[in-house]
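Listing of final_14.cif; format and content: mmCIF, C-alpha atoms; chains and numbers go by the auth columns.
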data_target
#
loop_
_atom_site.group_PDB
_atom_site.id
_atom_site.type_symbol
_atom_site.label_atom_id
_atom_site.label_comp_id
_atom_site.label_asym_id
_atom_site.label_seq_id
_atom_site.Cartn_x
_atom_site.Cartn_y
_atom_site.Cartn_z
_atom_site.B_iso_or_equiv
_atom_site.auth_seq_id
_atom_site.auth_asym_id
ATOM 1 C CA MET A 1 12.147 -35.988 -42.666 0.00 1185 X
ATOM 2 C CA GLU A 2 9.736 -33.063 -42.724 0.00 1186 X
ATOM 3 C CA HIS A 3 10.582 -30.122 -44.908 0.00 1187 X
ATOM 4 C CA PRO A 4 11.014 -26.924 -42.947 0.00 1188 X
ATOM 5 C CA GLU A 5 8.484 -25.122 -45.138 0.00 1189 X
ATOM 6 C CA ARG A 6 5.809 -27.670 -44.188 0.00 1190 X
ATOM 7 C CA ALA A 7 6.318 -27.320 -40.431 0.00 1191 X
ATOM 8 C CA PRO A 8 3.291 -25.904 -38.650 0.00 1192 X
ATOM 9 C CA LEU A 9 3.587 -22.214 -38.000 0.00 1193 X
ATOM 10 C CA VAL A 10 1.426 -22.341 -34.879 0.00 1194 X
ATOM 11 C CA GLU A 11 1.446 -25.141 -32.383 0.00 1195 X
ATOM 12 C CA ILE A 12 -2.028 -25.897 -31.041 0.00 1196 X
ATOM 13 C CA VAL A 13 -1.968 -26.328 -27.285 0.00 1197 X
ATOM 14 C CA PRO A 14 -4.725 -27.011 -24.790 0.00 1198 X
ATOM 15 C CA ALA A 15 -6.731 -23.985 -23.727 0.00 1199 X
ATOM 16 C CA LEU A 16 -5.262 -22.035 -20.843 0.00 1200 X
ATOM 17 C CA SER A 17 -8.639 -21.808 -19.181 0.00 1201 X
ATOM 18 C CA ASN A 18 -11.785 -23.915 -19.277 0.00 1202 X
ATOM 19 C CA VAL A 19 -14.009 -21.362 -17.589 0.00 1203 X
ATOM 20 C CA ALA A 20 -16.656 -19.763 -19.747 0.00 1204 X
ATOM 21 C CA TRP A 21 -16.633 -15.996 -19.760 0.00 1205 X
ATOM 22 C CA ALA A 22 -19.797 -14.687 -18.187 0.00 1206 X
ATOM 23 C CA PRO A 23 -20.231 -10.922 -18.360 0.00 1207 X
ATOM 24 C CA ASP A 24 -23.166 -10.894 -15.935 0.00 1208 X
ATOM 25 C CA ILE A 25 -21.375 -12.703 -13.125 0.00 1209 X
ATOM 26 C CA VAL A 26 -19.429 -10.735 -10.553 0.00 1210 X
ATOM 27 C CA VAL A 27 -16.291 -12.465 -9.343 0.00 1211 X
ATOM 28 C CA GLN A 28 -14.372 -9.463 -8.223 0.00 1212 X
ATOM 29 C CA SER A 29 -14.670 -7.025 -5.364 0.00 1213 X
ATOM 30 C CA ILE A 30 -13.385 -3.534 -4.952 0.00 1214 X
ATOM 31 C CA GLU A 31 -11.860 -2.823 -1.550 0.00 1215 X
ATOM 32 C CA PRO A 32 -11.611 0.924 -0.967 0.00 1216 X
ATOM 33 C CA LEU A 33 -9.337 1.906 1.895 0.00 1217 X
ATOM 34 C CA PHE A 34 -10.396 5.374 2.993 0.00 1218 X
ATOM 35 C CA VAL A 35 -7.404 7.031 4.606 0.00 1219 X
ATOM 36 C CA TYR A 36 -6.633 10.595 5.555 0.00 1220 X
ATOM 37 C CA LEU A 37 -3.757 12.481 7.068 0.00 1221 X
ATOM 38 C CA GLY A 38 -4.622 13.773 10.508 0.00 1222 X
ATOM 39 C CA PRO A 39 -2.579 16.098 12.739 0.00 1223 X
ATOM 40 C CA ASP A 40 -0.933 13.098 14.397 0.00 1224 X
ATOM 41 C CA GLY A 41 -0.491 10.910 11.345 0.00 1225 X
ATOM 42 C CA PRO A 42 -2.451 8.719 8.964 0.00 1226 X
ATOM 43 C CA ARG A 43 -5.880 7.429 9.868 0.00 1227 X
ATOM 44 C CA HIS A 44 -8.097 4.734 8.390 0.00 1228 X
ATOM 45 C CA LEU A 45 -11.843 5.210 8.110 0.00 1229 X
ATOM 46 C CA ARG A 46 -12.940 1.612 8.509 0.00 1230 X
ATOM 47 C CA PRO A 47 -16.538 0.378 8.151 0.00 1231 X
ATOM 48 C CA ILE A 48 -17.742 -0.320 11.681 0.00 1232 X
ATOM 49 C CA HIS A 49 -18.876 -3.882 11.009 0.00 1233 X
ATOM 50 C CA ALA A 50 -16.041 -5.164 8.813 0.00 1234 X
ATOM 51 C CA PRO A 51 -12.241 -4.914 8.556 0.00 1235 X
ATOM 52 C CA SER A 52 -12.690 -3.249 5.173 0.00 1236 X
ATOM 53 C CA LEU A 53 -15.391 -2.416 2.693 0.00 1237 X
ATOM 54 C CA ARG A 54 -16.053 -4.847 -0.145 0.00 1238 X
ATOM 55 C CA LEU A 55 -17.985 -3.559 -3.121 0.00 1239 X
ATOM 56 C CA GLY A 56 -19.299 -5.501 -6.074 0.00 1240 X
ATOM 57 C CA MET A 57 -18.497 -4.151 -9.487 0.00 1241 X
ATOM 58 C CA ARG A 58 -20.526 -4.570 -12.610 0.00 1242 X
ATOM 59 C CA PRO A 59 -18.680 -5.237 -15.863 0.00 1243 X
ATOM 60 C CA ASP A 60 -19.700 -1.835 -17.225 0.00 1244 X
ATOM 61 C CA GLN A 61 -18.185 0.074 -14.291 0.00 1245 X
ATOM 62 C CA GLN A 62 -14.725 1.511 -13.872 0.00 1246 X
ATOM 63 C CA PRO A 63 -13.268 0.498 -10.511 0.00 1247 X
ATOM 64 C CA GLY A 64 -11.928 3.963 -9.767 0.00 1248 X
ATOM 65 C CA THR A 65 -15.367 5.402 -10.349 0.00 1249 X
ATOM 66 C CA VAL A 66 -16.865 2.864 -7.943 0.00 1250 X
ATOM 67 C CA VAL A 67 -14.409 4.034 -5.283 0.00 1251 X
ATOM 68 C CA VAL A 68 -15.113 7.723 -5.856 0.00 1252 X
ATOM 69 C CA GLN A 69 -18.861 7.097 -5.707 0.00 1253 X
ATOM 70 C CA ALA A 70 -18.450 5.097 -2.509 0.00 1254 X
ATOM 71 C CA ALA A 71 -16.473 7.916 -0.917 0.00 1255 X
ATOM 72 C CA ALA A 72 -19.294 10.283 -1.780 0.00 1256 X
ATOM 73 C CA ARG A 73 -21.814 7.975 -0.078 0.00 1257 X
ATOM 74 C CA TYR A 74 -19.876 8.498 3.155 0.00 1258 X
ATOM 75 C CA GLY A 75 -19.579 12.237 2.658 0.00 1259 X
ATOM 76 C CA LEU A 76 -15.848 11.998 2.002 0.00 1260 X
ATOM 77 C CA THR A 77 -13.854 14.136 -0.413 0.00 1261 X
ATOM 78 C CA PRO A 78 -11.356 12.048 -2.365 0.00 1262 X
ATOM 79 C CA LEU A 79 -7.954 13.539 -3.113 0.00 1263 X
ATOM 80 C CA LEU A 80 -6.625 10.523 -4.964 0.00 1264 X
ATOM 81 C CA VAL A 81 -7.762 6.965 -5.667 0.00 1265 X
ATOM 82 C CA HIS A 82 -5.268 4.408 -6.859 0.00 1266 X
ATOM 83 C CA SER A 83 -5.199 0.626 -7.074 0.00 1267 X
ATOM 84 C CA THR A 84 -2.391 -0.660 -4.918 0.00 1268 X
ATOM 85 C CA SER A 85 -2.770 -4.432 -4.686 0.00 1269 X
ATOM 86 C CA TRP A 86 -5.002 -7.406 -5.302 0.00 1270 X
ATOM 87 C CA ARG A 87 -5.489 -10.715 -3.611 0.00 1271 X
ATOM 88 C CA PHE A 88 -7.651 -13.798 -3.897 0.00 1272 X
ATOM 89 C CA ASP A 89 -10.076 -14.129 -1.017 0.00 1273 X
ATOM 90 C CA ALA A 90 -13.209 -16.226 -0.513 0.00 1274 X
ATOM 91 C CA GLY A 91 -13.446 -17.222 -4.149 0.00 1275 X
ATOM 92 C CA ARG A 92 -13.008 -13.825 -5.668 0.00 1276 X
ATOM 93 C CA VAL A 93 -10.374 -11.365 -6.712 0.00 1277 X
ATOM 94 C CA VAL A 94 -10.260 -8.416 -4.334 0.00 1278 X
ATOM 95 C CA LEU A 95 -8.880 -5.286 -5.963 0.00 1279 X
ATOM 96 C CA THR A 96 -7.681 -2.841 -3.343 0.00 1280 X
ATOM 97 C CA TYR A 97 -7.891 0.874 -3.950 0.00 1281 X
ATOM 98 C CA VAL A 98 -6.343 3.307 -1.550 0.00 1282 X
ATOM 99 C CA ALA A 99 -8.584 6.346 -1.391 0.00 1283 X
ATOM 100 C CA ALA A 100 -6.772 9.283 0.139 0.00 1284 X
ATOM 101 C CA VAL A 101 -9.469 11.638 1.334 0.00 1285 X
ATOM 102 C CA ALA A 102 -9.621 15.041 2.956 0.00 1286 X
ATOM 103 C CA PRO A 103 -9.996 14.963 6.740 0.00 1287 X
ATOM 104 C CA PRO A 104 -13.657 14.366 7.564 0.00 1288 X
ATOM 105 C CA GLY A 105 -15.733 17.147 9.010 0.00 1289 X
ATOM 106 C CA PRO A 106 -16.884 17.485 12.598 0.00 1290 X
ATOM 107 C CA GLU A 107 -19.712 15.006 12.019 0.00 1291 X
ATOM 108 C CA PRO A 108 -18.132 11.989 10.331 0.00 1292 X
ATOM 109 C CA ASN A 109 -20.326 9.269 8.869 0.00 1293 X
ATOM 110 C CA GLU A 110 -21.689 7.007 11.608 0.00 1294 X
ATOM 111 C CA ASN A 111 -20.834 3.891 9.597 0.00 1295 X
ATOM 112 C CA LEU A 112 -17.116 4.564 9.701 0.00 1296 X
ATOM 113 C CA ALA A 113 -14.694 4.049 12.577 0.00 1297 X
ATOM 114 C CA ASP A 114 -11.802 6.508 12.636 0.00 1298 X
ATOM 115 C CA GLU A 115 -8.625 4.614 13.592 0.00 1299 X
ATOM 116 C CA PRO A 116 -4.910 5.420 13.523 0.00 1300 X
ATOM 117 C CA VAL A 117 -2.813 3.537 11.002 0.00 1301 X
ATOM 118 C CA GLU A 118 -0.048 1.570 12.682 0.00 1302 X
ATOM 119 C CA ARG A 119 2.983 0.194 10.885 0.00 1303 X
ATOM 120 C CA ALA A 120 2.701 -3.509 10.002 0.00 1304 X
ATOM 121 C CA ALA A 121 4.999 -6.149 8.611 0.00 1305 X
ATOM 122 C CA LEU A 122 4.115 -6.997 5.031 0.00 1306 X
ATOM 123 C CA ALA A 123 2.453 -10.337 4.360 0.00 1307 X
ATOM 124 C CA ARG A 124 4.898 -12.555 2.486 0.00 1308 X
ATOM 125 C CA GLY A 125 4.242 -15.546 0.280 0.00 1309 X
ATOM 126 C CA ASP A 126 6.677 -17.786 -1.529 0.00 1310 X
ATOM 127 C CA ALA A 127 7.778 -17.830 -5.143 0.00 1311 X
ATOM 128 C CA PHE A 128 4.549 -19.428 -6.364 0.00 1312 X
ATOM 129 C CA ALA A 129 1.949 -18.779 -3.724 0.00 1313 X
ATOM 130 C CA PRO A 130 0.495 -15.818 -1.873 0.00 1314 X
ATOM 131 C CA PRO A 131 0.760 -15.357 1.870 0.00 1315 X
ATOM 132 C CA PRO A 132 -1.474 -17.806 3.742 0.00 1316 X
ATOM 133 C CA THR A 133 -3.250 -14.940 5.466 0.00 1317 X
ATOM 134 C CA ILE A 134 -3.351 -11.228 4.783 0.00 1318 X
ATOM 135 C CA ASP A 135 -4.599 -8.757 7.363 0.00 1319 X
ATOM 136 C CA VAL A 136 -6.113 -5.454 6.281 0.00 1320 X
ATOM 137 C CA ALA A 137 -3.400 -3.642 8.274 0.00 1321 X
ATOM 138 C CA GLN A 138 -0.859 -5.314 5.999 0.00 1322 X
ATOM 139 C CA VAL A 139 -2.826 -4.235 2.946 0.00 1323 X
ATOM 140 C CA VAL A 140 -2.772 -0.643 4.218 0.00 1324 X
ATOM 141 C CA GLU A 141 0.980 -0.903 4.856 0.00 1325 X
ATOM 142 C CA HIS A 142 1.476 -2.108 1.289 0.00 1326 X
ATOM 143 C CA ALA A 143 -0.724 0.680 -0.022 0.00 1327 X
ATOM 144 C CA PHE A 144 1.295 3.366 1.772 0.00 1328 X
ATOM 145 C CA ARG A 145 4.560 1.903 0.496 0.00 1329 X
ATOM 146 C CA HIS A 146 3.056 2.046 -2.984 0.00 1330 X
ATOM 147 C CA LEU A 147 2.072 5.680 -2.482 0.00 1331 X
ATOM 148 C CA ALA A 148 5.540 6.462 -1.112 0.00 1332 X
ATOM 149 C CA TRP A 149 6.957 5.438 -4.458 0.00 1333 X
ATOM 150 C CA LEU A 150 4.251 7.197 -6.463 0.00 1334 X
ATOM 151 C CA VAL A 151 4.633 10.592 -4.806 0.00 1335 X
ATOM 152 C CA LYS A 152 8.219 10.601 -6.005 0.00 1336 X
ATOM 153 C CA ASP A 153 7.644 9.033 -9.409 0.00 1337 X
ATOM 154 C CA ASP A 154 4.296 10.455 -10.520 0.00 1338 X
ATOM 155 C CA ALA A 155 3.788 14.216 -10.701 0.00 1339 X
ATOM 156 C CA GLU A 156 -0.003 13.822 -10.656 0.00 1340 X
ATOM 157 C CA VAL A 157 0.107 11.893 -7.406 0.00 1341 X
ATOM 158 C CA ARG A 158 2.553 14.375 -5.895 0.00 1342 X
ATOM 159 C CA ALA A 159 0.279 17.246 -6.887 0.00 1343 X
ATOM 160 C CA ALA A 160 -2.752 15.502 -5.399 0.00 1344 X
ATOM 161 C CA LEU A 161 -1.032 14.730 -2.103 0.00 1345 X
ATOM 162 C CA PRO A 162 1.376 17.583 -1.387 0.00 1346 X
ATOM 163 C CA ASP A 163 0.864 17.282 2.358 0.00 1347 X
ATOM 164 C CA TRP A 164 1.558 13.555 2.332 0.00 1348 X
ATOM 165 C CA VAL A 165 5.103 13.613 0.928 0.00 1349 X
ATOM 166 C CA THR A 166 6.908 14.012 4.243 0.00 1350 X
ATOM 167 C CA PHE A 167 4.844 11.404 6.042 0.00 1351 X
ATOM 168 C CA LEU A 168 5.116 8.904 3.184 0.00 1352 X
ATOM 169 C CA SER A 169 8.910 9.143 3.176 0.00 1353 X
ATOM 170 C CA ALA A 170 8.815 6.891 6.249 0.00 1354 X
ATOM 171 C CA TYR A 171 7.333 4.181 4.030 0.00 1355 X
ATOM 172 C CA GLU A 172 10.136 4.211 1.472 0.00 1356 X
ATOM 173 C CA PRO A 173 12.246 1.068 1.354 0.00 1357 X
ATOM 174 C CA GLU A 174 15.385 1.825 3.352 0.00 1358 X
ATOM 175 C CA PRO A 175 17.918 1.131 0.554 0.00 1359 X
ATOM 176 C CA PHE A 176 16.369 3.924 -1.527 0.00 1360 X
ATOM 177 C CA ARG A 177 15.997 6.652 1.050 0.00 1361 X
ATOM 178 C CA ALA A 178 19.486 8.025 0.564 0.00 1362 X
ATOM 179 C CA PHE A 179 18.958 8.780 -3.112 0.00 1363 X
ATOM 180 C CA GLY A 180 16.404 11.512 -2.539 0.00 1364 X
ATOM 181 C CA ALA A 181 13.933 12.805 -5.082 0.00 1365 X
ATOM 182 C CA PRO A 182 14.601 12.330 -8.794 0.00 1366 X
ATOM 183 C CA PRO A 183 16.033 15.384 -10.594 0.00 1367 X
ATOM 184 C CA GLY A 184 13.664 17.790 -12.266 0.00 1368 X
ATOM 185 C CA MET B 1 -27.136 -15.971 -5.750 0.00 134 V
ATOM 186 C CA LYS B 2 -27.220 -12.355 -4.677 0.00 135 V
ATOM 187 C CA GLU B 3 -25.004 -10.245 -2.486 0.00 136 V
ATOM 188 C CA VAL B 4 -25.695 -7.054 -0.638 0.00 137 V
ATOM 189 C CA THR B 5 -23.319 -4.861 1.348 0.00 138 V
ATOM 190 C CA CYS B 6 -24.345 -2.391 4.038 0.00 139 V
ATOM 191 C CA LEU B 7 -22.656 0.988 4.460 0.00 140 V
ATOM 192 C CA CYS B 8 -21.247 -0.333 7.738 0.00 141 V
ATOM 193 C CA GLY B 9 -19.319 -3.020 5.859 0.00 142 V
ATOM 194 C CA TRP B 10 -21.563 -5.903 6.823 0.00 143 V
ATOM 195 C CA SER B 11 -22.238 -8.152 3.860 0.00 144 V
ATOM 196 C CA THR B 12 -24.281 -11.229 3.069 0.00 145 V
ATOM 197 C CA ARG B 13 -24.675 -13.590 0.166 0.00 146 V
ATOM 198 C CA GLY B 14 -27.375 -16.123 -0.707 0.00 147 V
ATOM 199 C CA THR B 15 -30.680 -16.636 -2.435 0.00 148 V
ATOM 200 C CA ASP B 16 -33.114 -13.742 -2.621 0.00 149 V
ATOM 201 C CA ASP B 17 -34.957 -15.029 0.436 0.00 150 V
ATOM 202 C CA GLU B 18 -31.741 -15.567 2.393 0.00 151 V
ATOM 203 C CA VAL B 19 -30.405 -12.120 1.563 0.00 152 V
ATOM 204 C CA VAL B 20 -33.674 -10.456 2.484 0.00 153 V
ATOM 205 C CA ALA B 21 -33.902 -12.329 5.790 0.00 154 V
ATOM 206 C CA ALA B 22 -30.297 -11.636 6.758 0.00 155 V
ATOM 207 C CA LEU B 23 -30.355 -7.957 5.866 0.00 156 V
ATOM 208 C CA THR B 24 -33.744 -7.379 7.449 0.00 157 V
ATOM 209 C CA ALA B 25 -32.348 -8.721 10.717 0.00 158 V
ATOM 210 C CA HIS B 26 -29.095 -6.771 10.398 0.00 159 V
ATOM 211 C CA ALA B 27 -30.837 -3.491 9.572 0.00 160 V
ATOM 212 C CA TRP B 28 -33.108 -3.762 12.588 0.00 161 V
ATOM 213 C CA GLU B 29 -30.710 -5.226 15.156 0.00 162 V
ATOM 214 C CA ASP B 30 -27.631 -3.164 14.279 0.00 163 V
ATOM 215 C CA HIS B 31 -29.131 0.040 12.899 0.00 164 V
ATOM 216 C CA GLY B 32 -32.687 0.130 14.177 0.00 165 V
ATOM 217 C CA ILE B 33 -34.165 0.607 10.729 0.00 166 V
ATOM 218 C CA ARG B 34 -36.535 -1.432 8.626 0.00 167 V
ATOM 219 C CA LYS B 35 -36.014 -2.243 4.953 0.00 168 V
ATOM 220 C CA THR B 36 -38.519 -3.663 2.512 0.00 169 V
ATOM 221 C CA ARG B 37 -37.823 -6.671 0.356 0.00 170 V
ATOM 222 C CA GLU B 38 -37.923 -4.423 -2.701 0.00 171 V
ATOM 223 C CA GLU B 39 -35.388 -2.010 -1.222 0.00 172 V
ATOM 224 C CA ILE B 40 -33.056 -4.835 -0.308 0.00 173 V
ATOM 225 C CA LEU B 41 -33.179 -6.624 -3.653 0.00 174 V
ATOM 226 C CA ALA B 42 -32.796 -3.353 -5.541 0.00 175 V
ATOM 227 C CA ASN B 43 -29.345 -3.036 -3.966 0.00 176 V
ATOM 228 C CA ALA B 44 -28.363 -6.696 -4.336 0.00 177 V
ATOM 229 C CA ILE B 45 -25.961 -7.733 -7.058 0.00 178 V
ATOM 230 C CA PRO B 46 -25.734 -11.137 -8.755 0.00 179 V
ATOM 231 C CA VAL B 47 -22.713 -13.194 -7.777 0.00 180 V
ATOM 232 C CA GLU B 48 -21.374 -16.585 -8.630 0.00 181 V
ATOM 233 C CA GLY B 49 -22.732 -19.277 -6.329 0.00 182 V
#
Would you give me this structure, written as structure tokens?
Amino acid sequence: MEHPERAPLVEIVPALSNVAWAPDIVVQSIEPLFVYLGPDGPRHLRPIHAPSLRLGMRPDQQPGTVVVQAAARYGLTPLLVHSTSWRFDAGRVVLTYVAAVAPPGPEPNENLADEPVERAALARGDAFAPPPTIDVAQVVEHAFRHLAWLVKDDAEVRAALPDWVTFLSAYEPEPFRAFGAPPG
Amino acid sequence: MKEVTCLCGWSTRGTDDEVVAALTAHAWEDHGIRKTREEILANAIPVEG
């Protein structure tokens, strides 16, 4: 019988991953969703030749900075950028950032299509797997539901998006709508 | 492997030669502009194959 004091303190187990870390290899994409609040509701500024924009990110970059810089390339003024979801797609992790921007000027960037945001059913997976397919409209829906929670929970977000609070209340989960805003 | 993404959202991935060929065609056919090999590769990022 082994004495308790001789029992190993740490059990050696096989490595969790067998993939070498490579700092110069990009395996992730940033997906900025440029959205703004128009007079008739939310609108998505989609790249004209893709459902959404996918940006590579170097290891020395901050993802939020990549999104802000991308917005500037399109002449957009960001009000708030916030990561709202991620998914695995085409061999890479896609990190989605919702970028709430000010309404574009009278001459919007020619590379962006200005489209209304329609409500969409969320993509659902099972307990151990993601949804088999995820449409960008579902990613936007998820992002707005995320913002609906943040504008109530995070004073910084509320301050950045004061005009969005009423519209985002429609994206709150129904069981929570009756409780109203938190005190204070 | 390299990848390059256009402002319009179009993206391509491949060897240097493949990326240059694909983007040269895209830039001309979809935007009516010409890009040099140097301009294209300057904006390409390395990706896993």
What does the PyMOL selection byres ((chain V and resi 164) around 12) select in this file, as a ChimeraX atom specification? /X:1232-1233,1294-1295 /V:139-141,143,156-163,165-168
Selected residues written out with C-alpha atoms, as a PDB file, in the coordinates of the input:
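Here's the written file result_4.pdb:
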ATOM      1  CA  ILE X1232     -17.742  -0.320  11.681  1.00  0.00           C
ATOM      2  CA  HIS X1233     -18.876  -3.882  11.009  1.00  0.00           C
ATOM      3  CA  GLU X1294     -21.689   7.007  11.608  1.00  0.00           C
ATOM      4  CA  ASN X1295     -20.834   3.891   9.597  1.00  0.00           C
TER       5      ASN X1295
ATOM      6  CA  CYS V 139     -24.345  -2.391   4.038  1.00  0.00           C
ATOM      7  CA  LEU V 140     -22.656   0.988   4.460  1.00  0.00           C
ATOM      8  CA  CYS V 141     -21.247  -0.333   7.738  1.00  0.00           C
ATOM      9  CA  TRP V 143     -21.563  -5.903   6.823  1.00  0.00           C
ATOM     10  CA  LEU V 156     -30.355  -7.957   5.866  1.00  0.00           C
ATOM     11  CA  THR V 157     -33.744  -7.379   7.449  1.00  0.00           C
ATOM     12  CA  ALA V 158     -32.348  -8.721  10.717  1.00  0.00           C
ATOM     13  CA  HIS V 159     -29.095  -6.771  10.398  1.00  0.00           C
ATOM     14  CA  ALA V 160     -30.837  -3.491   9.572  1.00  0.00           C
ATOM     15  CA  TRP V 161     -33.108  -3.762  12.588  1.00  0.00           C
ATOM     16  CA  GLU V 162     -30.710  -5.226  15.156  1.00  0.00           C
ATOM     17  CA  ASP V 163     -27.631  -3.164  14.279  1.00  0.00           C
ATOM     18  CA  GLY V 165     -32.687   0.130  14.177  1.00  0.00           C
ATOM     19  CA  ILE V 166     -34.165   0.607  10.729  1.00  0.00           C
ATOM     20  CA  ARG V 167     -36.535  -1.432   8.626  1.00  0.00           C
ATOM     21  CA  LYS V 168     -36.014  -2.243   4.953  1.00  0.00           C
TER      22      LYS V 168
END
Per-residue nearest contacts chain X to chain V, cut-off 9 Å, using all atoms listed in the file, as CSV:
residue,atom,partner,partner_atom,distance
X:Asp1208,CA,V:Pro179,CA,7.6
X:Ile1209,CA,V:Val180,CA,5.5
X:Val1210,CA,V:Val180,CA,5.0
X:Val1211,CA,V:Glu181,CA,6.6
X:Arg1230,CA,V:Gly142,CA,8.3
X:Pro1231,CA,V:Cys141,CA,4.8
X:Ile1232,CA,V:Cys141,CA,5.3
X:His1233,CA,V:Gly142,CA,5.2
X:Ala1234,CA,V:Gly142,CA,4.9
X:Pro1235,CA,V:Gly142,CA,7.8
X:Ser1236,CA,V:Gly142,CA,6.7
X:Leu1237,CA,V:Gly142,CA,5.1
X:Arg1238,CA,V:Gly142,CA,7.1
X:Leu1239,CA,V:Thr138,CA,7.1
X:Gly1240,CA,V:Ile178,CA,7.1
X:Met1241,CA,V:Ile178,CA,8.6
X:Arg1242,CA,V:Ile178,CA,8.4
X:Arg1257,CA,V:Leu140,CA,8.4
X:Tyr1258,CA,V:Leu140,CA,8.1
X:Glu1294,CA,V:Cys141,CA,8.3
X:Asn1295,CA,V:Cys141,CA,4.6
X:Leu1296,CA,V:Cys141,CA,6.7
If the box runs along x, y and z of the file and leaves 5 Å on each side of stretch 143-157 of chain V, what are its centre and edge lengths in Å, one decimal, as lines of an AutoDock Vina configuration file?
center_x = -28.3
center_y = -11.3
center_z = 2.4
size_x = 23.4
size_y = 20.7
size_z = 20.1
Within 10 Å of stretch 1339-1353 of chain X, counting only C-alpha atoms, which residues qualify if same-chain residues fewer than 6 places away don't, as a PyMOL selection string? chain X and resi 1220-1221+1225-1226+1262-1266+1284-1286+1328-1333+1361+1364
Just how far from atom CA of X:Val1251 is atom CA of X:Ala1283, in Å to one decimal? 7.4 Å
When you look at X:Leu1260 with a cut-off of 9 Å (counting all atoms listed in the file), what residues show up, excluding the ones that are within fewer than 3 positions of it in the same chain? I need them as a PyMOL selection string. chain X and resi 1218+1252+1254-1257+1285-1289+1292-1293
For the provided coordinates, the residues matched by the PyMOL selection byres ((chain X and resi 1274) around 12) should be stated as an MDAnalysis selection string. (chainID X and resid 1211:1213 1238 1271:1273 1275:1278 1317) or (chainID V and resid 146 181:182)
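For the atom pair formed by atom CA of X:Pro1300 and atom CA of X:Gly1222, the distance is 8.9 Å, given to one decimal.
Interatomic distance, atom CA of X:Pro1314 against atom CA of X:Asp1338: 27.9 Å.
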